[in-house]
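Structure first, then comments.
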Amino acid sequence: MKMRTITAFLAVVFLAGCGSSPKTNFYTLSVAPARTGHASISAPVQLAAVHIPPSLDRRQMVRLTNANSVAISETDRWSAPFDEMVRSVLSQDLAAQWPNGMVVLPQAPAPPGTRPLVVTIAQFGPDAGGTVRLSGSWALVDGTSGVVRREHNFEFDAGPAENASATAAAMSQALGRLSTAISAAL
């Protein structure tokens, strides 16, 4: 009897181990197509920081389901840390619009007089209806004195984002719109 119980237990454990978990999909943000820029800046700029709320700054994709709740996907994930990916893509979007050498990429050494650009994101992602919203503010700081020279709020909608792939595309589009707005303001 004892041998049957052990055999049955081992069979159940073996069969449980044969189950498969859902496939994990990985997504990335993409750089917007190159555009002719508007910026007539006199000193290089470096995207020094992108501040993202902790509820959004995660490897899993996040969707706002209502005013007070979110859905966090365990199968749809970002291919890199979200804050780093946003910073890199936004920097590349800006570099595509500005004169050569006027955008110092995030990990590159900044020459003297480089002005830091700081972006603070309040909301970034799809809502329950699939509309991606990117909102927050940005500030351009004097590289020498640390005084804020320009400051703007922003809000952009993109979409629809009915699945994870469309969400990544709409979020990329929203970052492209932000880079265009920053360029126009400078």
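Convention: chains lettered A, B, ... in structure tokens order; per-chain residue numbering from 1; ligands numbered from 1 as shown.
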
Just list the residues in range 10-173 of chain A DSSP gives helix (DSSP H, G or I) on the backbone, as a ChimeraX atom specification. /A:10-17,82-97,164-173

Could you pull the residues within 8 Å of range 122-127 of chain A, counting only C-alpha atoms, minus those fewer than 3 positions along the same chain, as an MDAnalysis selection string? chainID A and resid 52:53 56 62:66 130:136 161 167 171

Please write the residues from the selection above to a file, keeping C-alpha atoms, as a PDB file, in the first residue's frame.
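Below is the file part19.pdb, written as the result:
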```pdb
ATOM      1  CA  ILE A  52       8.970  57.530 -14.275  1.00  0.00           C
ATOM      2  CA  PRO A  53       6.503  56.633 -11.502  1.00  0.00           C
ATOM      3  CA  LEU A  56       5.053  52.131 -14.437  1.00  0.00           C
ATOM      4  CA  VAL A  62       1.164  48.034 -17.473  1.00  0.00           C
ATOM      5  CA  ARG A  63      -2.360  49.031 -18.533  1.00  0.00           C
ATOM      6  CA  LEU A  64      -4.583  51.414 -16.579  1.00  0.00           C
ATOM      7  CA  THR A  65      -7.907  49.615 -16.078  1.00  0.00           C
ATOM      8  CA  ASN A  66      -9.699  52.451 -14.290  1.00  0.00           C
ATOM      9  CA  GLY A 130      -6.545  51.346 -25.531  1.00  0.00           C
ATOM     10  CA  THR A 131      -5.545  55.002 -25.818  1.00  0.00           C
ATOM     11  CA  VAL A 132      -1.906  55.563 -24.874  1.00  0.00           C
ATOM     12  CA  ARG A 133      -1.358  58.736 -22.853  1.00  0.00           C
ATOM     13  CA  LEU A 134       2.025  60.343 -22.245  1.00  0.00           C
ATOM     14  CA  SER A 135       1.932  63.265 -19.827  1.00  0.00           C
ATOM     15  CA  GLY A 136       4.353  65.083 -17.590  1.00  0.00           C
ATOM     16  CA  ALA A 161      -3.370  49.990 -28.516  1.00  0.00           C
ATOM     17  CA  THR A 167       0.943  49.423 -27.325  1.00  0.00           C
ATOM     18  CA  MET A 171       4.148  54.514 -26.963  1.00  0.00           C
TER      19      MET A 171
END
```

Considering only C-alpha atoms, return as a list in words whatever protein or nucleic-acid residues lie within 9 Å of Ile41 in chain A, sequence-local ones (same chain, fewer than 5 positions apart) excluded. Trp98, Pro99, Met102 and Leu186 of chain A

Take the residues from that selection and write them out as an mmCIF file, in the first residue's frame, keeping N, CA, C and O atoms.
```cif
data_model
loop_
_atom_site.group_PDB
_atom_site.id
_atom_site.type_symbol
_atom_site.label_atom_id
_atom_site.label_comp_id
_atom_site.auth_asym_id
_atom_site.auth_seq_id
_atom_site.Cartn_x
_atom_site.Cartn_y
_atom_site.Cartn_z
ATOM 1 N N TRP A 98 17.897 67.451 -34.353
ATOM 2 C CA TRP A 98 18.767 68.586 -34.067
ATOM 3 C C TRP A 98 20.046 68.498 -34.879
ATOM 4 O O TRP A 98 20.434 67.423 -35.330
ATOM 5 N N PRO A 99 20.733 69.616 -35.023
ATOM 6 C CA PRO A 99 22.009 69.594 -35.748
ATOM 7 C C PRO A 99 22.977 68.591 -35.118
ATOM 8 O O PRO A 99 22.942 68.337 -33.910
ATOM 9 N N MET A 102 24.588 68.266 -31.315
ATOM 10 C CA MET A 102 23.863 69.074 -30.332
ATOM 11 C C MET A 102 23.145 68.227 -29.286
ATOM 12 O O MET A 102 22.696 68.755 -28.270
ATOM 13 N N LEU A 186 12.377 74.777 -28.251
ATOM 14 C CA LEU A 186 13.739 75.287 -28.125
ATOM 15 C C LEU A 186 14.115 76.025 -29.396
ATOM 16 O O LEU A 186 15.111 76.634 -29.525
#
```

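In this model, the gap between CA of Arg115 in chain A and CA of Ala139 in chain A comes to 10.2 Å.
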
Enumerate the residues of chain A with a DSSP assignment of strand (DSSP E), computed from the backbone, and present them as a PyMOL selection string. chain A and resi 25-27+45-51+60-66+69-78+103-104+115-126+132-141+148-158

Could the residues in this selection be saved with C-alpha atoms as a PDB file, in the first residue's frame?
```
ATOM      1  CA  ASN A  25       6.719  38.057 -25.302  1.00  0.00           C
ATOM      2  CA  PHE A  26       9.280  40.868 -25.268  1.00  0.00           C
ATOM      3  CA  TYR A  27       8.782  44.339 -26.737  1.00  0.00           C
ATOM      4  CA  VAL A  45      21.928  69.124 -24.600  1.00  0.00           C
ATOM      5  CA  GLN A  46      21.970  65.787 -22.772  1.00  0.00           C
ATOM      6  CA  LEU A  47      18.855  64.002 -21.550  1.00  0.00           C
ATOM      7  CA  ALA A  48      20.161  63.748 -17.991  1.00  0.00           C
ATOM      8  CA  ALA A  49      17.182  61.944 -16.477  1.00  0.00           C
ATOM      9  CA  VAL A  50      13.764  60.543 -17.204  1.00  0.00           C
ATOM     10  CA  HIS A  51      11.719  60.144 -14.037  1.00  0.00           C
ATOM     11  CA  GLN A  60       6.060  44.045 -17.297  1.00  0.00           C
ATOM     12  CA  MET A  61       3.731  46.074 -19.488  1.00  0.00           C
ATOM     13  CA  VAL A  62       1.164  48.034 -17.473  1.00  0.00           C
ATOM     14  CA  ARG A  63      -2.360  49.031 -18.533  1.00  0.00           C
ATOM     15  CA  LEU A  64      -4.583  51.414 -16.579  1.00  0.00           C
ATOM     16  CA  THR A  65      -7.907  49.615 -16.078  1.00  0.00           C
ATOM     17  CA  ASN A  66      -9.699  52.451 -14.290  1.00  0.00           C
ATOM     18  CA  SER A  69      -6.307  50.096 -10.743  1.00  0.00           C
ATOM     19  CA  VAL A  70      -3.855  48.673 -13.248  1.00  0.00           C
ATOM     20  CA  ALA A  71      -3.321  45.364 -15.012  1.00  0.00           C
ATOM     21  CA  ILE A  72       0.269  44.120 -15.028  1.00  0.00           C
ATOM     22  CA  SER A  73       1.035  41.557 -17.708  1.00  0.00           C
ATOM     23  CA  GLU A  74       3.218  38.614 -16.776  1.00  0.00           C
ATOM     24  CA  THR A  75       3.548  37.524 -20.408  1.00  0.00           C
ATOM     25  CA  ASP A  76       4.144  40.884 -22.154  1.00  0.00           C
ATOM     26  CA  ARG A  77       7.409  42.434 -21.030  1.00  0.00           C
ATOM     27  CA  TRP A  78       9.855  45.136 -22.028  1.00  0.00           C
ATOM     28  CA  VAL A 103      22.474  66.013 -28.510  1.00  0.00           C
ATOM     29  CA  VAL A 104      24.861  64.122 -26.264  1.00  0.00           C
ATOM     30  CA  ARG A 115      22.734  71.682 -20.742  1.00  0.00           C
ATOM     31  CA  PRO A 116      20.864  68.913 -18.923  1.00  0.00           C
ATOM     32  CA  LEU A 117      17.325  68.116 -20.016  1.00  0.00           C
ATOM     33  CA  VAL A 118      15.147  66.444 -17.374  1.00  0.00           C
ATOM     34  CA  VAL A 119      11.845  64.758 -18.237  1.00  0.00           C
ATOM     35  CA  THR A 120       9.353  63.822 -15.543  1.00  0.00           C
ATOM     36  CA  ILE A 121       6.618  61.455 -16.679  1.00  0.00           C
ATOM     37  CA  ALA A 122       3.343  61.369 -14.765  1.00  0.00           C
ATOM     38  CA  GLN A 123       1.470  58.908 -17.004  1.00  0.00           C
ATOM     39  CA  PHE A 124       2.694  56.698 -19.844  1.00  0.00           C
ATOM     40  CA  GLY A 125       0.744  53.760 -21.137  1.00  0.00           C
ATOM     41  CA  PRO A 126      -2.620  52.597 -22.379  1.00  0.00           C
ATOM     42  CA  VAL A 132      -1.906  55.563 -24.874  1.00  0.00           C
ATOM     43  CA  ARG A 133      -1.358  58.736 -22.853  1.00  0.00           C
ATOM     44  CA  LEU A 134       2.025  60.343 -22.245  1.00  0.00           C
ATOM     45  CA  SER A 135       1.932  63.265 -19.827  1.00  0.00           C
ATOM     46  CA  GLY A 136       4.353  65.083 -17.590  1.00  0.00           C
ATOM     47  CA  SER A 137       6.836  67.938 -17.819  1.00  0.00           C
ATOM     48  CA  TRP A 138      10.338  68.685 -19.015  1.00  0.00           C
ATOM     49  CA  ALA A 139      12.935  71.248 -17.974  1.00  0.00           C
ATOM     50  CA  LEU A 140      16.095  72.509 -19.651  1.00  0.00           C
ATOM     51  CA  VAL A 141      18.721  73.457 -17.099  1.00  0.00           C
ATOM     52  CA  VAL A 148      16.057  76.131 -15.079  1.00  0.00           C
ATOM     53  CA  ARG A 149      15.962  77.962 -18.437  1.00  0.00           C
ATOM     54  CA  ARG A 150      12.815  76.435 -19.947  1.00  0.00           C
ATOM     55  CA  GLU A 151      10.029  74.379 -18.491  1.00  0.00           C
ATOM     56  CA  HIS A 152       6.966  72.893 -20.187  1.00  0.00           C
ATOM     57  CA  ASN A 153       4.127  70.513 -19.417  1.00  0.00           C
ATOM     58  CA  PHE A 154       3.061  68.022 -22.052  1.00  0.00           C
ATOM     59  CA  GLU A 155       0.251  65.602 -22.806  1.00  0.00           C
ATOM     60  CA  PHE A 156      -0.069  63.420 -25.895  1.00  0.00           C
ATOM     61  CA  ASP A 157      -2.462  60.649 -26.838  1.00  0.00           C
ATOM     62  CA  ALA A 158      -1.664  57.898 -29.324  1.00  0.00           C
TER      63      ALA A 158
END
```

Can you pull out every residue within 12 Å of Ser88 in chain A, counting only C-alpha atoms, but drop anything in the same chain fewer than 5 positions away, and send it as number ranges by chain? A: 28-32, 46-50, 80-83, 93-95, 103-108, 172, 175, 179

Could you please determine the separation between CA of Pro22 in chain A and CA of Val89 in chain A in Å, to one decimal place? 29.0 Å
